[in-house]
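Source file: upload_0.txt (compact mmCIF, C-alpha atoms)
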# COMPACT_ATOMS: atom_id res chain seq x y z
CA MET A 6 57.80 110.21 103.78
CA ALA A 7 58.48 108.37 100.53
CA ASP A 8 62.25 108.40 101.05
CA LYS A 9 62.08 106.49 104.34
CA ARG A 10 63.00 102.81 104.43
CA ASP A 11 60.49 100.25 105.64
CA TYR A 12 60.78 99.96 109.43
CA TYR A 13 60.80 96.15 109.29
CA GLU A 14 63.60 96.29 106.74
CA VAL A 15 65.58 98.68 108.97
CA LEU A 16 65.53 96.13 111.82
CA GLY A 17 65.96 93.13 109.50
CA LEU A 18 62.52 91.71 110.34
CA GLN A 19 59.55 90.28 108.50
CA LYS A 20 56.11 91.83 108.89
CA GLY A 21 54.31 90.06 111.72
CA ALA A 22 57.43 89.68 113.89
CA SER A 23 56.75 89.14 117.58
CA GLU A 24 57.46 91.69 120.29
CA ASP A 25 60.41 89.60 121.50
CA GLU A 26 61.84 89.39 117.97
CA ILE A 27 61.56 93.16 117.60
CA LYS A 28 63.37 93.73 120.86
CA LYS A 29 66.17 91.28 119.98
CA ALA A 30 66.57 92.78 116.50
CA TYR A 31 66.82 96.26 117.99
CA ARG A 32 69.52 95.19 120.45
CA LYS A 33 71.47 93.48 117.67
CA MET A 34 71.29 96.49 115.32
CA ALA A 35 72.21 98.88 118.15
CA ARG A 36 75.30 96.83 118.98
CA GLU A 37 76.46 96.70 115.37
CA ASN A 38 75.92 100.36 114.53
CA HIS A 39 76.73 102.26 117.69
CA PRO A 40 79.18 105.15 116.91
CA ASP A 41 81.52 104.17 119.76
CA LEU A 42 82.43 101.04 117.82
CA HIS A 43 83.12 102.92 114.59
CA PRO A 44 85.13 106.09 115.39
CA ASP A 45 85.97 106.52 111.71
CA LYS A 46 82.28 106.51 110.70
CA VAL A 47 80.64 108.49 113.49
CA GLU A 48 78.29 110.58 111.34
CA GLU A 49 77.19 107.57 109.28
CA CYS A 50 76.51 105.52 112.42
CA GLU A 51 74.58 108.37 114.03
CA GLU A 52 72.27 108.48 111.03
CA LYS A 53 71.80 104.70 111.14
CA MET A 54 71.09 104.77 114.87
CA LYS A 55 68.54 107.52 114.37
CA GLU A 56 66.82 105.35 111.76
CA ILE A 57 67.01 102.24 114.00
CA ASN A 58 65.62 104.08 117.02
CA GLU A 59 62.80 105.57 114.98
CA ALA A 60 61.85 102.15 113.60
CA TYR A 61 61.93 100.57 117.05
CA SER A 62 59.85 103.33 118.66
CA VAL A 63 57.08 102.58 116.17
CA LEU A 64 57.23 98.80 115.99
CA SER A 65 57.54 98.36 119.77
CA ASP A 66 54.35 100.39 120.36
CA PRO A 67 51.25 98.28 119.51
CA GLU A 68 49.10 101.29 118.55
CA LYS A 69 51.76 102.90 116.33
CA ARG A 70 52.64 99.55 114.80
CA GLN A 71 49.01 98.84 113.88
CA ARG A 72 48.71 102.23 112.19
CA TYR A 73 52.03 101.72 110.39
CA ASP A 74 51.05 98.21 109.20
CA GLN A 75 47.82 99.64 107.76
CA PHE A 76 48.97 102.93 106.23
CA GLY A 77 52.79 102.73 106.13
CA HIS A 78 54.79 105.93 106.63
CA ASP A 79 51.85 108.02 105.46
CA GLY A 80 49.90 106.86 108.46
CA MET A 81 52.46 108.19 110.92
CA ASP A 82 51.78 111.54 112.53
CA GLY A 83 54.90 113.44 111.41
CA ALA A 84 57.68 113.12 113.94
CA ALA A 85 55.29 112.44 116.81
CA GLY A 86 56.55 109.74 119.09
CA PHE A 87 60.15 110.13 117.99
CA SER A 88 61.11 113.11 120.12
CA GLY A 89 62.70 110.84 122.69
CA PHE A 90 65.58 110.28 120.25
CA ASP A 91 66.26 113.89 119.31
CA GLY A 92 69.12 113.91 121.81
CA PHE A 93 70.89 111.25 119.78
CA ALA A 94 70.71 113.19 116.54
CA GLY A 95 71.39 116.64 117.92
CA GLY A 96 73.56 116.04 120.96
CA GLY A 97 76.02 113.48 119.62
CA TYR A 98 76.23 109.88 120.75
CA GLY A 99 77.53 110.56 124.27
CA ASP A 100 74.08 110.35 125.92
CA MET A 101 73.16 107.14 124.13
CA GLY A 102 76.58 105.77 125.05
CA ASP A 103 75.57 105.87 128.72
CA ILE A 104 72.30 104.08 127.92
CA PHE A 105 74.09 101.31 126.05
CA ASP A 106 76.59 100.99 128.90
CA SER A 107 73.67 100.00 131.10
CA LEU A 108 72.03 97.81 128.46
CA PHE A 109 75.04 95.86 127.25
CA GLY A 110 77.48 95.79 130.13
CA ASN A 111 80.05 98.46 129.14
CA ILE A 112 80.89 96.91 125.77
CA PHE A 113 81.51 100.40 124.44
CA GLY A 114 84.59 101.16 126.47
CA GLY A 115 83.45 101.56 130.06
CA GLY A 116 80.72 103.42 131.93
CA GLY A 117 80.39 107.07 132.82
CA ALA A 118 81.61 106.45 136.34
CA SER A 119 84.96 105.18 135.14
CA ARG A 120 85.30 108.17 132.80
CA ALA A 121 84.56 110.51 135.67
CA ASN A 122 87.16 108.88 137.90
CA THR A 123 89.93 109.52 135.36
CA ALA A 124 89.63 113.31 135.76
CA ASN A 125 91.53 113.21 139.05
CA ALA A 126 93.83 110.30 138.22
CA PRO A 127 97.58 111.04 138.08
CA ARG A 128 98.73 111.56 134.51
CA ARG A 129 102.25 111.50 133.16
CA GLY A 130 103.58 114.70 131.63
CA ARG A 131 104.21 115.06 127.92
CA ASP A 132 107.59 114.16 126.44
CA ILE A 133 109.58 116.95 124.77
CA ASN A 134 111.61 116.32 121.62
CA TYR A 135 114.75 118.27 120.68
CA GLY A 136 117.48 117.78 118.12
CA ILE A 137 121.21 118.57 118.24
CA ASN A 138 123.87 118.63 115.55
CA ILE A 139 127.39 117.52 116.50
CA SER A 140 130.65 116.80 114.67
CA PHE A 141 132.03 113.33 113.90
CA MET A 142 134.81 113.77 116.46
CA GLU A 143 132.35 114.93 119.15
CA ALA A 144 130.34 111.77 118.54
CA CYS A 145 133.50 109.66 118.92
CA GLN A 146 134.80 111.40 122.04
CA GLY A 147 131.58 112.55 123.73
CA LYS A 148 130.74 116.01 125.00
CA THR A 149 128.57 118.03 127.36
CA GLN A 150 126.02 120.32 125.75
CA GLU A 151 123.69 122.95 127.14
CA LEU A 152 120.11 123.14 125.88
CA ASN A 153 117.46 125.81 126.36
CA ILE A 154 114.11 124.05 126.57
CA ALA A 155 110.56 125.24 127.16
CA HIS A 156 108.44 122.89 129.25
CA MET A 157 105.51 122.91 131.66
CA GLU A 158 106.25 123.15 135.37
CA THR A 159 103.99 123.21 138.42
CA CYS A 160 102.81 126.77 138.99
CA THR A 161 104.83 128.28 141.83
CA ALA A 162 102.10 130.79 142.70
CA CYS A 163 99.42 128.23 143.50
CA ASN A 164 101.54 125.08 143.95
CA GLY A 165 99.57 123.40 141.21
CA THR A 166 96.11 123.82 142.73
CA GLY A 167 94.97 126.32 140.10
CA ALA A 168 93.43 128.51 142.81
CA GLU A 169 94.63 132.00 143.67
CA ALA A 170 96.92 132.24 146.70
CA GLY A 171 94.87 132.34 149.91
CA THR A 172 92.04 130.35 148.35
CA SER A 173 91.55 126.69 147.55
CA PRO A 174 89.38 124.57 145.26
CA GLU A 175 85.88 123.98 146.61
CA VAL A 176 83.81 120.80 146.59
CA CYS A 177 81.50 120.81 143.59
CA PRO A 178 77.95 121.43 144.83
CA ASP A 179 76.40 119.43 141.98
CA CYS A 180 78.24 116.11 142.46
CA ARG A 181 79.37 116.77 146.07
CA GLY A 182 82.95 115.89 145.23
CA ARG A 183 82.26 112.58 143.52
CA GLY A 184 83.02 113.89 140.04
CA SER A 185 80.02 112.08 138.58
CA ILE A 186 76.27 112.42 138.56
CA LYS A 187 73.45 109.91 138.10
CA VAL A 188 71.09 110.49 135.19
CA THR A 189 67.82 108.72 134.42
CA GLN A 190 66.58 108.63 130.84
CA GLN A 191 63.45 107.30 129.24
CA THR A 192 64.21 104.80 126.48
CA PRO A 193 62.15 102.37 124.42
CA LEU A 194 63.13 99.76 127.01
CA GLY A 195 61.97 101.88 129.93
CA ALA A 196 63.79 104.16 132.40
CA ILE A 197 67.55 103.67 132.33
CA SER A 198 69.89 105.11 134.98
CA SER A 199 73.49 105.85 134.14
CA THR A 200 76.45 107.65 135.62
CA ARG A 201 78.37 110.33 133.75
CA PRO A 202 81.04 112.95 134.51
CA CYS A 203 79.68 115.98 136.30
CA PRO A 204 79.33 118.79 133.72
CA HIS A 205 79.80 121.49 136.38
CA CYS A 206 83.30 120.39 137.45
CA ASN A 207 84.20 118.29 134.38
CA GLY A 208 84.51 115.21 136.56
CA LYS A 209 87.09 116.67 138.94
CA GLY A 210 84.85 116.88 141.98
CA THR A 211 86.07 120.40 142.76
CA ILE A 212 85.60 123.85 141.28
CA ILE A 213 87.84 126.90 141.42
CA ARG A 214 86.03 130.10 142.31
CA THR A 215 89.11 132.33 142.04
CA PRO A 216 91.59 131.02 139.46
CA CYS A 217 95.30 131.67 139.92
CA GLN A 218 96.28 134.75 137.92
CA LYS A 219 99.65 133.31 136.93
CA CYS A 220 98.47 129.99 135.48
CA ARG A 221 94.80 130.97 134.93
CA GLY A 222 93.60 127.97 136.90
CA VAL A 223 95.57 125.37 134.98
CA GLY A 224 98.05 124.63 137.77
CA ARG A 225 101.02 124.60 135.35
CA THR A 226 103.00 127.26 133.52
CA LYS A 227 105.44 127.16 130.60
CA VAL A 228 108.99 127.85 131.74
CA GLN A 229 112.28 128.30 129.85
CA LYS A 230 114.95 126.11 131.41
CA ARG A 231 118.63 125.42 130.72
CA VAL A 232 119.50 121.73 130.78
CA SER A 233 122.98 120.23 130.62
CA ILE A 234 123.11 116.91 128.78
CA THR A 235 125.97 114.46 128.41
CA VAL A 236 126.48 113.09 124.92
CA PRO A 237 128.28 109.77 125.47
CA ALA A 238 131.33 108.76 123.44
CA GLY A 239 130.24 106.41 120.67
CA ILE A 240 126.83 107.98 119.93
CA ASP A 241 125.81 107.42 116.32
CA ASN A 242 123.87 109.48 113.81
CA GLY A 243 120.10 109.15 114.30
CA GLN A 244 120.24 107.86 117.86
CA THR A 245 118.18 109.48 120.62
CA LEU A 246 119.20 110.39 124.16
CA ARG A 247 116.46 110.20 126.80
CA ILE A 248 116.81 112.51 129.78
CA SER A 249 114.31 111.24 132.32
CA GLY A 250 111.98 113.71 134.04
CA GLU A 251 112.94 116.78 131.99
CA GLY A 252 109.71 116.89 129.97
CA ASP A 253 106.45 118.52 131.06
CA CYS A 254 105.49 118.05 134.69
CA GLY A 255 102.76 115.54 135.45
CA ILE A 256 99.11 116.26 136.21
CA ASN A 257 97.42 115.41 139.51
CA GLY A 258 100.74 114.27 140.95
CA GLY A 259 101.71 112.17 137.95
CA PRO A 260 105.37 111.79 136.92
CA SER A 261 107.09 114.21 134.56
CA GLY A 262 107.67 113.31 130.95
CA ASN A 263 111.11 112.89 129.37
CA LEU A 264 113.33 115.05 127.22
CA ASN A 265 114.21 113.13 124.05
CA VAL A 266 117.23 114.50 122.18
CA SER A 267 117.81 113.16 118.66
CA VAL A 268 121.43 113.36 117.48
CA THR A 269 122.61 114.28 114.00
CA VAL A 270 126.31 113.69 113.31
CA ARG A 271 128.00 115.75 110.61
CA PRO A 272 130.20 113.84 108.11
CA HIS A 273 133.99 113.91 108.49
CA PRO A 274 136.30 114.76 105.56
CA LEU A 275 138.58 111.74 106.19
CA PHE A 276 136.71 109.19 108.28
CA THR A 277 133.57 107.14 107.74
CA ARG A 278 131.88 104.93 110.27
CA GLU A 279 130.51 101.39 110.10
CA GLY A 280 129.15 100.33 113.47
CA TYR A 281 132.02 101.03 115.85
CA ASP A 282 134.73 100.71 113.19
CA VAL A 283 136.36 103.67 111.47
CA HIS A 284 137.42 103.60 107.83
CA CYS A 285 139.74 105.89 105.92
CA GLU A 286 141.51 105.85 102.55
CA ILE A 287 145.12 107.01 102.13
CA PRO A 288 146.86 107.64 98.80
CA ILE A 289 150.43 106.35 98.38
CA THR A 290 152.92 106.70 95.55
CA TYR A 291 153.97 103.98 93.14
CA ALA A 292 157.44 103.94 94.70
CA GLN A 293 156.03 103.58 98.21
CA ALA A 294 153.88 100.66 97.09
CA VAL A 295 156.87 98.96 95.40
CA MET A 296 159.56 99.51 98.02
CA GLY A 297 157.46 100.03 101.17
CA ASP A 298 157.62 103.03 103.44
CA GLU A 299 156.64 104.44 106.82
CA ILE A 300 153.74 106.88 106.65
CA THR A 301 151.61 108.90 109.06
CA VAL A 302 148.02 107.69 109.44
CA PRO A 303 145.33 109.83 111.09
CA THR A 304 143.08 108.23 113.74
CA ILE A 305 140.36 109.64 115.98
CA ASP A 306 142.97 109.72 118.78
CA GLY A 307 145.63 111.49 116.71
CA ASN A 308 148.30 110.52 114.17
CA VAL A 309 150.15 107.18 114.31
CA LYS A 310 153.05 105.71 112.33
CA PHE A 311 152.31 102.87 109.92
CA SER A 312 154.68 100.78 107.81
CA ILE A 313 153.62 100.06 104.24
CA PRO A 314 154.77 96.55 103.32
CA GLU A 315 156.98 96.17 100.26
CA GLY A 316 154.96 95.25 97.18
CA THR A 317 151.66 96.63 98.51
CA GLN A 318 148.87 96.26 95.97
CA ASN A 319 146.27 98.89 95.12
CA GLY A 320 143.26 98.75 97.49
CA ALA A 321 145.08 96.80 100.20
CA LYS A 322 143.31 97.13 103.54
CA HIS A 323 145.06 97.11 106.93
CA ARG A 324 143.55 97.00 110.41
CA LEU A 325 144.61 99.16 113.33
CA LYS A 326 143.22 97.18 116.24
CA GLY A 327 141.45 99.16 118.98
CA LYS A 328 141.68 102.45 117.10
CA GLY A 329 137.95 102.63 116.37
CA ILE A 330 135.04 104.10 118.28
CA LYS A 331 134.17 103.29 121.89
CA PHE A 332 131.16 101.04 122.41
CA LEU A 333 128.33 102.77 124.25
CA GLN A 334 128.37 101.97 127.96
CA GLN A 335 131.33 99.58 127.46
CA ASP A 336 135.12 99.72 127.78
CA ARG A 337 135.93 98.09 124.44
CA ARG A 338 136.48 99.80 121.13
CA GLY A 339 136.15 99.05 117.46
CA ASP A 340 139.02 99.02 114.94
CA GLN A 341 140.24 101.37 112.26
CA TYR A 342 140.66 100.10 108.70
CA VAL A 343 143.14 101.85 106.42
CA LYS A 344 142.68 101.33 102.70
CA LEU A 345 145.74 102.15 100.58
CA TYR A 346 145.31 103.15 96.98
CA ILE A 347 148.15 103.84 94.59
CA GLU A 348 147.92 107.18 92.91
CA VAL A 349 149.16 107.00 89.31
CA PRO A 350 151.37 110.00 88.52
CA LYS A 351 150.25 112.42 85.79
CA ASN A 352 151.93 115.08 83.64
CA LEU A 353 155.28 113.24 83.39
CA THR A 354 158.17 114.85 81.52
CA LYS A 355 159.90 113.04 78.65
CA LYS A 356 162.85 112.26 80.90
CA GLN A 357 160.56 110.77 83.53
CA LYS A 358 158.78 108.67 80.93
CA ASP A 359 162.11 107.41 79.57
CA LEU A 360 163.27 106.48 83.05
CA LEU A 361 159.99 104.72 83.72
CA LYS A 362 160.23 102.83 80.42
CA ASN A 363 163.78 101.73 81.20
CA PHE A 364 162.61 100.56 84.59
CA GLU A 365 159.70 98.66 83.05
CA ASP A 366 162.00 97.02 80.51
CA SER A 367 164.18 95.78 83.34
CA LEU A 368 161.30 93.79 84.84
CA SER A 369 160.10 90.32 83.90
CA ASP A 370 156.97 88.29 84.49
CA LYS A 371 158.48 87.08 87.75
CA ASN A 372 157.99 90.59 89.11
CA TYR A 373 154.23 90.43 88.34
CA ALA A 374 152.78 87.38 90.04
CA LYS A 375 149.13 88.20 89.32
CA ARG A 376 149.83 89.23 85.74
CA GLN A 377 151.79 86.04 85.07
CA GLY A 378 149.06 83.91 86.64
CA PHE A 379 146.39 85.62 84.56
CA PHE A 380 148.12 84.95 81.25
CA ASP A 381 148.89 81.35 82.26
CA LYS A 382 145.16 80.81 82.83
CA LEU A 383 144.38 82.53 79.55
CA LYS A 384 146.73 80.23 77.63
CA GLU A 385 145.21 77.19 79.31
CA LEU A 386 141.72 78.37 78.43
CA PHE A 387 142.47 78.68 74.72
CA LYS A 388 144.93 75.81 74.51
CA GLY A 389 144.63 73.82 71.31
Rendering of file as structure tokens:
Amino acid sequence: MADKRDYYEVLGLQKGASEDEIKKAYRKMARENHPDLHPDKVEECEEKMKEINEAYSVLSDPEKRQRYDQFGHDGMDGAAGFSGFDGFAGGGYGDMGDIFDSLFGNIFGGGGASRANTANAPRRGRDINYGINISFMEACQGKTQELNIAHMETCTACNGTGAEAGTSPEVCPDCRGRGSIKVTQQTPLGAISSTRPCPHCNGKGTIIRTPCQKCRGVGRTKVQKRVSITVPAGIDNGQTLRISGEGDCGINGGPSGNLNVSVTVRPHPLFTREGYDVHCEIPITYAQAVMGDEITVPTIDGNVKFSIPEGTQNGAKHRLKGKGIKFLQQDRRGDQYVKLYIEVPKNLTKKQKDLLKNFEDSLSDKNYAKRQGFFDKLKELFKG
């Protein structure tokens, strides 16, 4: 008994505390340490509550308290007098939860009656999550895709009752269809009555004598189903399509869940996407940049003709209005941006180099506006 804490210390009391002080301290400690309030520390709270209940059972009894005050733990007769709390230590905190519901007005999440009533309440079916992989062009233009999904449907053999054809669920003889039973327990504060889900029918109010062979009494079966989904034009990578009602069927008449389809869009070799705009880069020759030219530009709708302005600089960007991606659920579209970069020729022959040099020699600073401006600024910077 030497490892036990002082009972007064357990309840935060001084020796000589009144009966009313003991009762108030017990209520306070029970509120603070009940496992329902600390789901992440259930085992620790159960041990504390066992200690609190043991201390209260001694200090609230005048005869036991007198013996304890005189002899301490050594004066206690083993575990005698504490058996009333064995259910807390061995049976979890569910039983005590009902007691505290009565004591403290359902501060621990509602009484047993409300828990029992939820057994027959309609519940929404589970959502199902799938993923599809589509091309860049399919995302731009939209498509229809077939999916094979596995979800729960109402059992066709028993129509969801869970009972074998020709039979039906029977009223539970223990709770008479209420789904809950009344239990009276002896506590340090006297007899406490509480309501809890009926253990015979698990709170449903009915029992199935002959379960359906197809669903084994569950009322639902897993079924493979083919679903056609429409991928809208303009869908983007990472977005999710929700197909209402194609998830698992509901329970007790509840609505079905949804089918959530996450979309992955494969990259395109020419196009990139920013919002609803399309971007692409096109190489042009030095001569095309100098003199201008008409080139073919790819778009998501097909090729179009585009005129390169004379004197186009490297990296110049041009907009093709309305050639981008369609906005979801709207009639407008983004734009396409064409970035032109001048590809410098390599592996020139001597003749080509000579021609290029002659051409370069024929030019003056007037032909290079940016170059001339740069050197003018440089001279000004170091002037004097």
**Message:** Could you list, as a list in words, every residue within 12 Å of Lys29 of chain A, counting all atoms listed in the file and ignoring same-chain residues fewer than 2 positions away?
**Reply:** Leu16, Gly17, Leu18, Ala22, Ser23, Glu24, Asp25, Glu26, Ile27, Tyr31, Arg32, Lys33, Met34, Ala35, Arg36, Tyr61, Ser65 and Leu194 of chain A
**Asked** For Val343 of chain A, which of A:Val295, A:Val236, A:Leu64, A:Cys285 is the closest residue, counting only C-alpha atoms?
**Response** A:Cys285
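Taking all atoms listed in the file into account, the polymer residues that have an atom no farther than 7 Å from (143.2, 104.8, 117.8) are Thr304, Ile305, Asp306, Gly327, Lys328 and Gly329 of chain A.
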Taking C-alpha atoms for each residue, export the selection above as an mmCIF file, in the coordinates of the input.
data_model
loop_
_atom_site.group_PDB
_atom_site.id
_atom_site.type_symbol
_atom_site.label_atom_id
_atom_site.label_comp_id
_atom_site.auth_asym_id
_atom_site.auth_seq_id
_atom_site.Cartn_x
_atom_site.Cartn_y
_atom_site.Cartn_z
ATOM 1 C CA THR A 304 143.080 108.230 113.740
ATOM 2 C CA ILE A 305 140.360 109.640 115.980
ATOM 3 C CA ASP A 306 142.970 109.720 118.780
ATOM 4 C CA GLY A 327 141.450 99.160 118.980
ATOM 5 C CA LYS A 328 141.680 102.450 117.100
ATOM 6 C CA GLY A 329 137.950 102.630 116.370
#
**Prompt:** In Å to one decimal, how far is atom CA of Glu175 of chain A from atom CA of Gln218 of chain A?
**Reply:**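 It comes out at 17.3 Å.
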**Between atom CA of Pro314 of chain A and atom CA of Lys326 of chain A, distance in Å (one decimal)** =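 Calculated distance between atom CA of Pro314 of chain A and atom CA of Lys326 of chain A is 17.3 Å.
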**Item:** Surrounding residues of segment 242-244 of chain A excluding itself and chain neighbours under 5 positions, 12 Å, all atoms listed in the file, as a ChimeraX atom specification
**Value:** /A:136-141,143-145,236-237,265-272,277-281,333
**Message:** Please compute the atom CA of Gln71 of chain A-atom CA of Glu56 of chain A distance, one decimal, in Å.
**Reply:**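 Those two atoms sit 19.1 Å apart.
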**Asked** When distances are computed from only C-alpha atoms, which of A:Cys254, A:Asp282, A:Ile186, A:Thr159 shows the smallest separation from Gly224 of chain A?
**Response** A:Thr159
How big is the axis-aligned box around all listed atoms of segment 10-17 of chain A once 5 Å goes on each side, and where's its centre, in Å to one decimal, as AutoDock Vina command-line options?
--center_x 63.2 --center_y 98.0 --center_z 108.1 --size_x 15.5 --size_y 19.7 --size_z 17.4
Each residue of segment 227-331 of chain A with at least one atom at most 12 Å from segment 351-369 of chain A should appear once, together with its nearest atom pair and the corresponding distance in Å (one decimal); atoms considered: all atoms listed in the file; ordering: chain, then increasing residue number; output as CSV.
residue,atom,partner,partner_atom,distance
A:Thr290,CA,A:Lys351,CA,11.6
A:Tyr291,CA,A:Leu361,CA,11.2
A:Ala292,CA,A:Leu361,CA,11.3
**Asked** Restricting the calculation to only C-alpha atoms, which member of A:Glu299, A:Asp45, A:Glu52, A:Glu251 is positioned closest to Asn134 of chain A?
**Response** A:Glu251
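Each of A:Gly167, A:Gly339, A:Gly378, A:Pro204 was compared to Ile256 of chain A using all atoms listed in the file, and A:Gly167 turns out to be the nearest.
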**Request:** Would you mind telling me which residue in A:Gln335, A:Asn125, A:Asn257, A:Asn263 lies nearest to Asn207 of chain A when using all atoms listed in the file?
**Result:** A:Asn125
**Distance query Glu286 of chain A at most 8 Å, all atoms listed in the file, self and fewer than 4 positions along chain excluded, as a ChimeraX atom specification** = /A:275,343-346
